[in-house]
Amino acid sequence: MKRKSPIFVESVSILPLGRKEMKKLKGNYQACSYDSRRDILINCQTESIIVRVVIGNSIPYNDEKRNVRRRVALHLVNQTERCQMETEEKTVFMTPDDLYLNLYFVINLKEFSFKNYQTYKLTICDSGISEILEEIYFKVFEKRKMGDPCSWYKVESGCVRPYWYSIQGYKTMDVESGTDLNARFYLIRNFKTPDNGMLPEVKIKLHFPEYDRIQELYTEPIIFNKDDKRYYVEFPFFNNNENKGVYYAEISCMDQKIGGFVFRTYGRQIQGQWTDDGIFCFDEYTQLDAQHMFERLMKIEENREDSDFKTDYDSSQNKWDKTFIDFMTSLNGNDENDEEIEEKENEENEENEEDKEPESLELTLEEMTGLYQVKEKLNLYEKVIRFNKKRMEQGLPVYRLPLHSMFMGSPGTGKTTVAKLIGNMLKDLGFLSSGHVVVRERSTLTGTTYGSEEEKTRKAIEEAQGGILFIDEAYQLYQPKDPRDPGKFVIETLLTALSDPEMNDWMLILAGYPEEMKRMFDMNPGFKSRIPESNIYLFEDFSEEELMDIAENYFAKYKFTLSNEARASLQERLKSDYEHREKNFGNARHVMNLIQTEIFPAMARRVSEKGTWDLTSLTKIEATDVPKSIFNKKEERKRIGFF
């Protein structure tokens with residue numbers, strides 16, 4: 001029987017780099033930003049192509065707990081000319097604790113010639129058993145022959161449309177919650193298409209109304225009208241009550257912006273497509289900019305309807321210039337009609353205010369910093385659930401999806417927050433009736449009275465019906481050296497509930513440190529049989545850069561800004577805290593405590609003593625508000641003592 005490789009390929013990314021970039025990296029390829037693009041642009045400065053392969057361990061929880069050592073080969077083939085170009089092998093060594101590993105292959109363009117309009121194939125193999133793990137195709141385009149990518153396509157128009165319409169578009173829609181929509185761009189091709197019909201892909205970036213939530217899609221344009229070289233691309237997304245508002249869709253080619261438009265999914269509905277003055281690009285996007293631009297465009301739309309007059313400028317550039325001037329004026333606060341527009345918006349939504357939930361500052365999954373593996377697994381999990389739901393709606397048989405999961409990670413890595421997001425997702429998709437989360441730990445399940453563990457655990461399970469029972473630091477329930485430990489009765493009660501086929505409207509999540517959780521998991525076959533490998537999530541510690549992102553996102557949500565000196569001081573503080581972190585380091589929780597218990601009080605003291613209450617004083621954080629790390633202070637004192 002043919003052997004199956006103990007490893008698999010989670011993802012493959014390709015990235016072209018120039019001579020200066022390669023020299024700056026000095027082999028530190030993990031510092032690069034990778035994505036899912038499948039087209040690359042090369043020019044005279046391009047020196048290498050970096051291929052990142054994320055290798056997954058298929059047997060991290062195998063009873064044998066054996067290490068994995070494999071030879072992984074990368075084969076590069078010119079698919080257009082059908083010739084082999086490059087073969088390179090690397091050794092993969094993974095312990096049972098390693099879930100994923102990054103491999104980096106470097107293809108030197110001095111040795112291999114990549115040609116314009118040609119397709120190449122990358123094959124990743126397990127050399128030991130000659131098993132193909134992954135195959136991807138990518139296309140190459142030369143800037144020298146095709147010119148600047150920003151001129152390859154021209155955005156003719158943009159609109160939002162419901163998925164059931166093939167052509168009809170809207171400038172703004174009023175849709176019910178739970179509607180599938182598409183943001184569509186119409187493009188005109190400005191280059192000669194080769195005989196093989198190959199087109200450069202474009203990237204659509206959709207900014208949601210929720211703060212900093214962005215989704216991206218790489219796709220190749222689809223022919224719409226062959227005679228006049230018109231194409232279209234679109235981004236499908238799901239609209240519900242939580243993300244109703246002003247969106248901004250932007251399209252780029254080879255990382256160069258070529259157009260964008262704003263639209264709204266509630267309020268007044270206008271049929272048609274945004275053109276000319278409605279197609280633009282933000283230099284740096286903010287939600288406030290999008291709202292202001294939408295208001296300006298709606299004002300122009302109302303003036304056109306009231307006067308039945310269409311402005312006839314000499315060129316589309318003049319149209320954009322006028323709109324841009326209005327837009328910038330509004331941002332500078334010089335538009336006398338801003339209050340009237342805002343008042344009109346409030347009147348339009350007055351009828352829906354009672355049904356509208358209060359604005360929440362809670363994060364969505366995409367907004368959360370880091371957690372890339374968790375996000376990928378949950379996105380796939382959601383697709384599987386949605387697929388199952390559609391089958392159910394069509395009267396097709398469906399299998400019961402395993403809900404119970406295990407979260408492995410240090411404190412403050414977002415485990416409880418993700419559990420709440422999963423609860424909401426499963427409720428929206430109809431797999432849980434309420435989606436609420438009941439949080440418990442050892443002390444609340446065992447109590448102080450010996451023998452009450454079963455009753456307390458049953459009560460917690462009852463409270464979690466329709467939602468999720470989240471047991472934090474669950475490994476504390478397992479004490480193998482103490483046969484009389486009451487935690488074993490909690491485990492037995494949980495396993496009894498998990499095996500009850502009638503109790504299917506709940507989800508159990510066991511959470512805690514990775515090593516301790518794996519030890520408990522391996523020693524309890526009952527958990528292993530009910531929590532599949534696909535439902536085990538690893539929450540990695542945040543890097544110092546990600547800790548800084550968490551802090552800046554928190555400041556932005558509550559309308560605080562950092563001076564350049566304060567940002568540098570905070571980066572230095574978080575770097576020191578990260579380098580000296582111990583096992584119980586709080587990650588995001590550490591950042592929140594630093595901000596709420598040290599930075600904000602220091603800022604309040606400074607502003608109060610100064611007695612200046614202007615907007616800048618109330619929002620701008622200075623370097624003196626950021627306390628030094630205790631480790632830095634110790635090192636300073638030590639250095640002084642030596643002099």
# chains A, B, ... in the order shown; residues from 1 in each chain; ligands from 1
>>> select_by_dssp(residues="segment 481-557 of chain A", states="strand (DSSP E or B)", output="ChimeraX atom specification")
/A:507-512,536-539
>>> residues_around(residues="Phe263 of chain A", least_positions_apart="4", cutoff="9 Å", atoms="only C-alpha atoms", output="list in words")
Cys159, Val160, Tyr170, Lys171, Thr172, Met173, Gly245, Val246, Tyr247, Tyr248, Ala249, Ala290 and Phe294 of chain A
>>> write_last_selection(atoms="all heavy atoms", output="short mmCIF file (atom, residue, chain, number, x, y, z; two decimals), in the first residue's frame")
data_model
loop_
_atom_site.label_atom_id
_atom_site.label_comp_id
_atom_site.auth_asym_id
_atom_site.auth_seq_id
_atom_site.Cartn_x
_atom_site.Cartn_y
_atom_site.Cartn_z
N CYS A 159 -20.17 49.50 -9.07
CA CYS A 159 -21.50 49.45 -8.48
C CYS A 159 -21.57 48.30 -7.48
O CYS A 159 -20.68 47.45 -7.42
CB CYS A 159 -22.59 49.28 -9.55
SG CYS A 159 -22.46 47.71 -10.46
N VAL A 160 -22.63 48.28 -6.70
CA VAL A 160 -22.92 47.16 -5.83
C VAL A 160 -24.19 46.50 -6.36
O VAL A 160 -25.10 47.17 -6.85
CB VAL A 160 -23.11 47.62 -4.36
CG1 VAL A 160 -24.22 48.64 -4.23
CG2 VAL A 160 -23.36 46.44 -3.44
N TYR A 170 -26.32 49.09 -8.52
CA TYR A 170 -26.82 50.20 -7.71
C TYR A 170 -25.64 51.02 -7.21
O TYR A 170 -24.56 50.49 -6.91
CB TYR A 170 -27.61 49.69 -6.51
CG TYR A 170 -28.92 49.01 -6.88
CD1 TYR A 170 -28.94 47.67 -7.25
CD2 TYR A 170 -30.12 49.71 -6.87
CE1 TYR A 170 -30.12 47.05 -7.60
CE2 TYR A 170 -31.31 49.09 -7.21
CZ TYR A 170 -31.31 47.77 -7.58
OH TYR A 170 -32.48 47.15 -7.92
N LYS A 171 -25.87 52.34 -7.10
CA LYS A 171 -24.88 53.19 -6.46
C LYS A 171 -24.94 53.04 -4.95
O LYS A 171 -23.93 53.14 -4.27
CB LYS A 171 -25.11 54.65 -6.85
CG LYS A 171 -24.89 54.93 -8.34
CD LYS A 171 -25.07 56.41 -8.63
CE LYS A 171 -24.76 56.72 -10.10
NZ LYS A 171 -24.92 58.16 -10.40
N THR A 172 -26.11 52.81 -4.43
CA THR A 172 -26.31 52.54 -3.01
C THR A 172 -27.58 51.72 -2.87
O THR A 172 -28.53 51.88 -3.65
CB THR A 172 -26.40 53.84 -2.19
OG1 THR A 172 -26.64 53.51 -0.83
CG2 THR A 172 -27.50 54.74 -2.70
N MET A 173 -27.59 50.81 -1.91
CA MET A 173 -28.72 49.89 -1.76
C MET A 173 -29.26 49.92 -0.34
O MET A 173 -28.56 50.30 0.61
CB MET A 173 -28.29 48.45 -2.09
CG MET A 173 -27.91 48.21 -3.53
SD MET A 173 -27.64 46.46 -3.86
CE MET A 173 -29.31 45.82 -3.62
N GLY A 245 -23.56 49.85 6.49
CA GLY A 245 -22.93 51.15 6.54
C GLY A 245 -22.25 51.50 5.23
O GLY A 245 -22.60 50.98 4.17
N VAL A 246 -21.26 52.39 5.30
CA VAL A 246 -20.54 52.85 4.12
C VAL A 246 -19.32 51.96 3.88
O VAL A 246 -18.48 51.80 4.76
CB VAL A 246 -20.10 54.32 4.28
CG1 VAL A 246 -19.26 54.75 3.08
CG2 VAL A 246 -21.32 55.23 4.42
N TYR A 247 -19.25 51.38 2.69
CA TYR A 247 -18.13 50.55 2.27
C TYR A 247 -17.25 51.33 1.29
O TYR A 247 -17.70 52.28 0.64
CB TYR A 247 -18.61 49.29 1.55
CG TYR A 247 -19.30 48.26 2.41
CD1 TYR A 247 -20.59 48.45 2.89
CD2 TYR A 247 -18.66 47.05 2.71
CE1 TYR A 247 -21.22 47.49 3.66
CE2 TYR A 247 -19.28 46.08 3.47
CZ TYR A 247 -20.57 46.30 3.94
OH TYR A 247 -21.19 45.34 4.70
N TYR A 248 -16.02 50.88 1.17
CA TYR A 248 -15.14 51.41 0.12
C TYR A 248 -14.47 50.23 -0.58
O TYR A 248 -13.78 49.43 0.05
CB TYR A 248 -14.08 52.34 0.71
CG TYR A 248 -13.02 52.76 -0.27
CD1 TYR A 248 -13.35 53.42 -1.46
CD2 TYR A 248 -11.67 52.51 -0.03
CE1 TYR A 248 -12.37 53.81 -2.37
CE2 TYR A 248 -10.68 52.90 -0.92
CZ TYR A 248 -11.04 53.54 -2.10
OH TYR A 248 -10.08 53.93 -3.00
N ALA A 249 -14.72 50.10 -1.88
CA ALA A 249 -14.11 49.04 -2.69
C ALA A 249 -13.02 49.66 -3.54
O ALA A 249 -13.24 50.68 -4.21
CB ALA A 249 -15.16 48.37 -3.57
N ALA A 290 -14.33 58.01 4.02
CA ALA A 290 -15.34 57.35 3.18
C ALA A 290 -16.72 57.95 3.41
O ALA A 290 -17.49 58.18 2.46
CB ALA A 290 -15.35 55.85 3.47
N PHE A 294 -18.88 59.88 0.59
CA PHE A 294 -20.22 59.41 0.24
C PHE A 294 -21.24 60.54 0.36
O PHE A 294 -22.12 60.70 -0.50
CB PHE A 294 -20.62 58.24 1.14
CG PHE A 294 -21.96 57.65 0.81
CD1 PHE A 294 -22.10 56.76 -0.25
CD2 PHE A 294 -23.09 58.00 1.53
CE1 PHE A 294 -23.34 56.23 -0.58
CE2 PHE A 294 -24.33 57.46 1.21
CZ PHE A 294 -24.45 56.58 0.16
#
>>> residues_around(residues="His436 of chain A", least_positions_apart="6", cutoff="9 Å", atoms="only C-alpha atoms", output="count of residues only")
10
>>> residues_around(residues="segment 193-208 of chain A", least_positions_apart="3", cutoff="8 Å", atoms="only C-alpha atoms", output="PyMOL selection string")
chain A and resi 38-39+117+139+141+211-221+234-235+243+245-255
>>> write_last_selection(atoms="N, CA and C atoms", output="short mmCIF file (atom, residue, chain, number, x, y, z; two decimals), in the first residue's frame")
data_model
loop_
_atom_site.label_atom_id
_atom_site.label_comp_id
_atom_site.auth_asym_id
_atom_site.auth_seq_id
_atom_site.Cartn_x
_atom_site.Cartn_y
_atom_site.Cartn_z
N ARG A 38 -1.04 35.35 -7.63
CA ARG A 38 -0.55 34.34 -8.55
C ARG A 38 -0.02 34.95 -9.83
N ASP A 39 0.18 36.27 -9.85
CA ASP A 39 0.84 36.97 -10.95
C ASP A 39 1.99 37.77 -10.37
N TYR A 117 4.25 37.07 -20.40
CA TYR A 117 3.06 36.35 -20.86
C TYR A 117 3.22 34.83 -20.80
N LYS A 139 1.75 33.46 -13.28
CA LYS A 139 2.05 34.09 -14.56
C LYS A 139 3.07 35.21 -14.34
N PHE A 141 4.78 38.82 -15.89
CA PHE A 141 4.62 39.97 -16.78
C PHE A 141 5.84 40.87 -16.62
N TYR A 211 -14.53 49.13 12.07
CA TYR A 211 -13.20 49.74 12.09
C TYR A 211 -12.13 48.75 11.62
N ASP A 212 -11.38 49.17 10.61
CA ASP A 212 -10.17 48.47 10.16
C ASP A 212 -10.42 47.04 9.68
N ARG A 213 -11.66 46.69 9.33
CA ARG A 213 -11.91 45.36 8.78
C ARG A 213 -11.76 45.41 7.27
N ILE A 214 -10.84 44.61 6.76
CA ILE A 214 -10.52 44.62 5.34
C ILE A 214 -10.48 43.18 4.83
N GLN A 215 -11.00 42.96 3.63
CA GLN A 215 -10.86 41.67 2.96
C GLN A 215 -10.29 41.91 1.57
N GLU A 216 -9.47 40.97 1.12
CA GLU A 216 -8.82 41.10 -0.18
C GLU A 216 -9.10 39.89 -1.06
N LEU A 217 -9.12 40.12 -2.36
CA LEU A 217 -9.37 39.05 -3.32
C LEU A 217 -8.54 39.30 -4.57
N TYR A 218 -7.74 38.30 -4.96
CA TYR A 218 -7.01 38.33 -6.23
C TYR A 218 -7.82 37.56 -7.27
N THR A 219 -8.05 38.18 -8.41
CA THR A 219 -8.88 37.54 -9.43
C THR A 219 -8.50 38.05 -10.82
N GLU A 220 -8.79 37.25 -11.83
CA GLU A 220 -8.52 37.65 -13.21
C GLU A 220 -9.81 38.22 -13.81
N PRO A 221 -9.72 39.33 -14.53
CA PRO A 221 -10.93 39.92 -15.13
C PRO A 221 -11.65 38.96 -16.08
N GLU A 234 -15.55 41.19 -9.63
CA GLU A 234 -16.41 41.50 -8.50
C GLU A 234 -15.97 40.78 -7.23
N PHE A 235 -16.36 41.36 -6.11
CA PHE A 235 -16.01 40.85 -4.79
C PHE A 235 -17.30 40.46 -4.08
N ASN A 243 -22.68 44.83 9.91
CA ASN A 243 -21.78 45.54 9.00
C ASN A 243 -22.51 46.40 7.98
N GLY A 245 -23.56 49.85 6.49
CA GLY A 245 -22.93 51.15 6.54
C GLY A 245 -22.25 51.50 5.23
N VAL A 246 -21.26 52.39 5.30
CA VAL A 246 -20.54 52.85 4.12
C VAL A 246 -19.32 51.96 3.88
N TYR A 247 -19.25 51.38 2.69
CA TYR A 247 -18.13 50.55 2.27
C TYR A 247 -17.25 51.33 1.29
N TYR A 248 -16.02 50.88 1.17
CA TYR A 248 -15.14 51.41 0.12
C TYR A 248 -14.47 50.23 -0.58
N ALA A 249 -14.72 50.10 -1.88
CA ALA A 249 -14.11 49.04 -2.69
C ALA A 249 -13.02 49.66 -3.54
N GLU A 250 -11.84 49.05 -3.52
CA GLU A 250 -10.69 49.58 -4.26
C GLU A 250 -10.06 48.47 -5.09
N ILE A 251 -9.64 48.82 -6.29
CA ILE A 251 -9.03 47.84 -7.18
C ILE A 251 -7.62 48.30 -7.54
N SER A 252 -6.68 47.36 -7.58
CA SER A 252 -5.29 47.67 -7.91
C SER A 252 -4.74 46.57 -8.80
N CYS A 253 -3.68 46.89 -9.49
CA CYS A 253 -2.99 45.93 -10.36
C CYS A 253 -1.51 45.98 -10.02
N MET A 254 -0.95 44.83 -9.64
CA MET A 254 0.45 44.76 -9.22
C MET A 254 0.77 45.81 -8.16
N ASP A 255 -0.14 45.93 -7.17
CA ASP A 255 0.02 46.83 -6.02
C ASP A 255 -0.07 48.31 -6.39
#
>>> closest_atom_pairs(of="segment 53-140 of chain A", to="segment 24-28 of chain A", cutoff="12 Å", atoms="only C-alpha atoms", output="CSV")
residue,atom,partner,partner_atom,distance
A:Leu103,CA,A:Asn28,CA,11.8
A:Tyr104,CA,A:Gly27,CA,9.6
A:Phe105,CA,A:Gly27,CA,10.8
A:Val106,CA,A:Gly27,CA,9.8
>>> residues_around(residues="Val12 of chain A", least_positions_apart="6", cutoff="8 Å", atoms="only C-alpha atoms", output="PyMOL selection string")
chain A and resi 36+51-54+136
>>> write_last_selection(atoms="N, CA and C atoms", output="compact mmCIF listing (two decimals), in the first residue's frame")
# COMPACT_ATOMS: atom_id res chain seq x y z
N SER A 36 -1.62 35.98 -1.38
CA SER A 36 -2.06 34.87 -2.23
C SER A 36 -2.00 35.18 -3.71
N VAL A 51 9.88 31.92 -2.65
CA VAL A 51 8.71 31.04 -2.55
C VAL A 51 8.62 30.59 -1.08
N ARG A 52 7.56 31.00 -0.41
CA ARG A 52 7.34 30.56 0.97
C ARG A 52 6.33 29.42 0.97
N VAL A 53 6.72 28.30 1.56
CA VAL A 53 5.85 27.13 1.67
C VAL A 53 5.58 26.87 3.15
N VAL A 54 4.32 26.94 3.55
CA VAL A 54 3.94 26.65 4.94
C VAL A 54 3.61 25.17 5.04
N ILE A 136 0.90 24.76 -7.81
CA ILE A 136 0.32 26.06 -8.10
C ILE A 136 0.87 26.57 -9.42
>>> residues_around(residues="Thr444 of chain A", least_positions_apart="6", cutoff="10 Å", atoms="only C-alpha atoms", output="PDB file with all heavy atoms, in the first residue's frame")
ATOM      1  N   GLU A 453     -18.886  18.364  42.436  1.00  0.00           N
ATOM      2  CA  GLU A 453     -18.353  18.652  41.101  1.00  0.00           C
ATOM      3  C   GLU A 453     -19.343  18.300  39.996  1.00  0.00           C
ATOM      4  O   GLU A 453     -19.531  19.064  39.043  1.00  0.00           O
ATOM      5  CB  GLU A 453     -17.040  17.879  40.867  1.00  0.00           C
ATOM      6  CG  GLU A 453     -15.927  18.227  41.824  1.00  0.00           C
ATOM      7  CD  GLU A 453     -16.098  17.545  43.171  1.00  0.00           C
ATOM      8  OE1 GLU A 453     -16.820  16.524  43.226  1.00  0.00           O
ATOM      9  OE2 GLU A 453     -15.532  18.036  44.160  1.00  0.00           O
ATOM     10  N   LYS A 456     -22.194  20.906  39.836  1.00  0.00           N
ATOM     11  CA  LYS A 456     -21.764  22.194  39.290  1.00  0.00           C
ATOM     12  C   LYS A 456     -21.500  22.099  37.789  1.00  0.00           C
ATOM     13  O   LYS A 456     -21.814  23.016  37.025  1.00  0.00           O
ATOM     14  CB  LYS A 456     -20.499  22.662  40.020  1.00  0.00           C
ATOM     15  CG  LYS A 456     -20.728  23.095  41.464  1.00  0.00           C
ATOM     16  CD  LYS A 456     -19.420  23.525  42.095  1.00  0.00           C
ATOM     17  CE  LYS A 456     -19.644  24.025  43.516  1.00  0.00           C
ATOM     18  NZ  LYS A 456     -20.388  25.297  43.525  1.00  0.00           N
ATOM     19  N   THR A 457     -20.923  20.988  37.352  1.00  0.00           N
ATOM     20  CA  THR A 457     -20.623  20.819  35.929  1.00  0.00           C
ATOM     21  C   THR A 457     -21.905  20.672  35.117  1.00  0.00           C
ATOM     22  O   THR A 457     -22.040  21.254  34.031  1.00  0.00           O
ATOM     23  CB  THR A 457     -19.716  19.599  35.712  1.00  0.00           C
ATOM     24  OG1 THR A 457     -18.552  19.716  36.537  1.00  0.00           O
ATOM     25  CG2 THR A 457     -19.277  19.506  34.259  1.00  0.00           C
ATOM     26  N   ALA A 460     -23.437  24.040  34.698  1.00  0.00           N
ATOM     27  CA  ALA A 460     -22.741  24.837  33.682  1.00  0.00           C
ATOM     28  C   ALA A 460     -23.135  24.390  32.277  1.00  0.00           C
ATOM     29  O   ALA A 460     -23.320  25.218  31.375  1.00  0.00           O
ATOM     30  CB  ALA A 460     -21.232  24.725  33.876  1.00  0.00           C
ATOM     31  N   ILE A 471     -14.232  26.445  28.971  1.00  0.00           N
ATOM     32  CA  ILE A 471     -13.518  26.122  30.208  1.00  0.00           C
ATOM     33  C   ILE A 471     -12.075  26.573  30.052  1.00  0.00           C
ATOM     34  O   ILE A 471     -11.299  25.981  29.290  1.00  0.00           O
ATOM     35  CB  ILE A 471     -13.596  24.621  30.530  1.00  0.00           C
ATOM     36  CG1 ILE A 471     -15.064  24.188  30.649  1.00  0.00           C
ATOM     37  CG2 ILE A 471     -12.850  24.315  31.819  1.00  0.00           C
ATOM     38  CD1 ILE A 471     -15.248  22.728  30.980  1.00  0.00           C
TER      39      ILE A 471
END
>>> residues_around(residues="Gln373 of chain A", least_positions_apart="3", cutoff="9 Å", atoms="only C-alpha atoms", output="JSON, numbers by chain")
{"A": [370, 376, 377, 378, 537, 538, 539, 540]}
>>> atom_distance(atom1="atom CA of Lys610 of chain A", atom2="atom CA of Ala568 of chain A")
23.4 Å
>>> atom_distance(atom1="atom CA of Val68 of chain A", atom2="atom CA of Val384 of chain A")
29.6 Å
>>> atom_distance(atom1="atom CA of Leu41 of chain A", atom2="atom CA of Leu15 of chain A")
9.5 Å
>>> closest_residue(among="A:Ile40, A:Met523, A:Leu495, A:Val155", to="Gln118 of chain A", atoms="only C-alpha atoms")
A:Ile40
>>> closest_atom_pairs(of="segment 30-76 of chain A", to="segment 84-89 of chain A", cutoff="10 Å", atoms="only C-alpha atoms", output="tab-separated table")
residue	atom	partner	partner_atom	distance
A:Arg71	CA	A:Glu89	CA	6.5
A:Val72	CA	A:Glu89	CA	5.5
A:Ala73	CA	A:Glu89	CA	4.2
A:Leu74	CA	A:Glu88	CA	5.3
A:His75	CA	A:Thr87	CA	4.6
A:Leu76	CA	A:Glu86	CA	5.0
>>> write_last_selection(atoms="all heavy atoms", output="mmCIF file, in the first residue's frame")
data_model
loop_
_atom_site.group_PDB
_atom_site.id
_atom_site.type_symbol
_atom_site.label_atom_id
_atom_site.label_comp_id
_atom_site.auth_asym_id
_atom_site.auth_seq_id
_atom_site.Cartn_x
_atom_site.Cartn_y
_atom_site.Cartn_z
ATOM 1 N N ARG A 71 12.234 15.079 3.379
ATOM 2 C CA ARG A 71 12.881 15.882 2.340
ATOM 3 C C ARG A 71 11.797 16.457 1.443
ATOM 4 O O ARG A 71 11.012 15.718 0.846
ATOM 5 C CB ARG A 71 13.849 15.034 1.515
ATOM 6 C CG ARG A 71 15.077 14.566 2.264
ATOM 7 C CD ARG A 71 16.018 15.707 2.580
ATOM 8 N NE ARG A 71 16.629 16.279 1.383
ATOM 9 C CZ ARG A 71 17.412 17.352 1.404
ATOM 10 N NH1 ARG A 71 17.641 17.978 2.543
ATOM 11 N NH2 ARG A 71 17.942 17.813 0.285
ATOM 12 N N VAL A 72 11.743 17.780 1.383
ATOM 13 C CA VAL A 72 10.732 18.470 0.578
ATOM 14 C C VAL A 72 11.415 19.081 -0.638
ATOM 15 O O VAL A 72 12.409 19.811 -0.501
ATOM 16 C CB VAL A 72 10.016 19.559 1.400
ATOM 17 C CG1 VAL A 72 9.042 20.333 0.519
ATOM 18 C CG2 VAL A 72 9.283 18.941 2.574
ATOM 19 N N ALA A 73 10.884 18.766 -1.806
ATOM 20 C CA ALA A 73 11.478 19.254 -3.055
ATOM 21 C C ALA A 73 10.546 20.249 -3.731
ATOM 22 O O ALA A 73 9.324 20.088 -3.717
ATOM 23 C CB ALA A 73 11.765 18.088 -3.997
ATOM 24 N N LEU A 74 11.138 21.274 -4.313
ATOM 25 C CA LEU A 74 10.404 22.243 -5.130
ATOM 26 C C LEU A 74 10.853 22.091 -6.573
ATOM 27 O O LEU A 74 12.051 22.139 -6.864
ATOM 28 C CB LEU A 74 10.654 23.660 -4.628
ATOM 29 C CG LEU A 74 9.995 24.789 -5.435
ATOM 30 C CD1 LEU A 74 9.502 25.897 -4.510
ATOM 31 C CD2 LEU A 74 10.966 25.393 -6.458
ATOM 32 N N HIS A 75 9.898 21.906 -7.474
ATOM 33 C CA HIS A 75 10.179 21.786 -8.910
ATOM 34 C C HIS A 75 9.535 22.967 -9.628
ATOM 35 O O HIS A 75 8.330 23.209 -9.469
ATOM 36 C CB HIS A 75 9.622 20.477 -9.478
ATOM 37 C CG HIS A 75 10.168 19.252 -8.805
ATOM 38 N ND1 HIS A 75 11.424 18.765 -9.048
ATOM 39 C CD2 HIS A 75 9.612 18.426 -7.885
ATOM 40 C CE1 HIS A 75 11.628 17.684 -8.323
ATOM 41 N NE2 HIS A 75 10.545 17.458 -7.602
ATOM 42 N N LEU A 76 10.308 23.680 -10.410
ATOM 43 C CA LEU A 76 9.814 24.804 -11.196
ATOM 44 C C LEU A 76 9.829 24.421 -12.668
ATOM 45 O O LEU A 76 10.865 24.013 -13.201
ATOM 46 C CB LEU A 76 10.683 26.044 -10.959
ATOM 47 C CG LEU A 76 10.359 27.261 -11.826
ATOM 48 C CD1 LEU A 76 8.963 27.782 -11.525
ATOM 49 C CD2 LEU A 76 11.399 28.358 -11.615
#
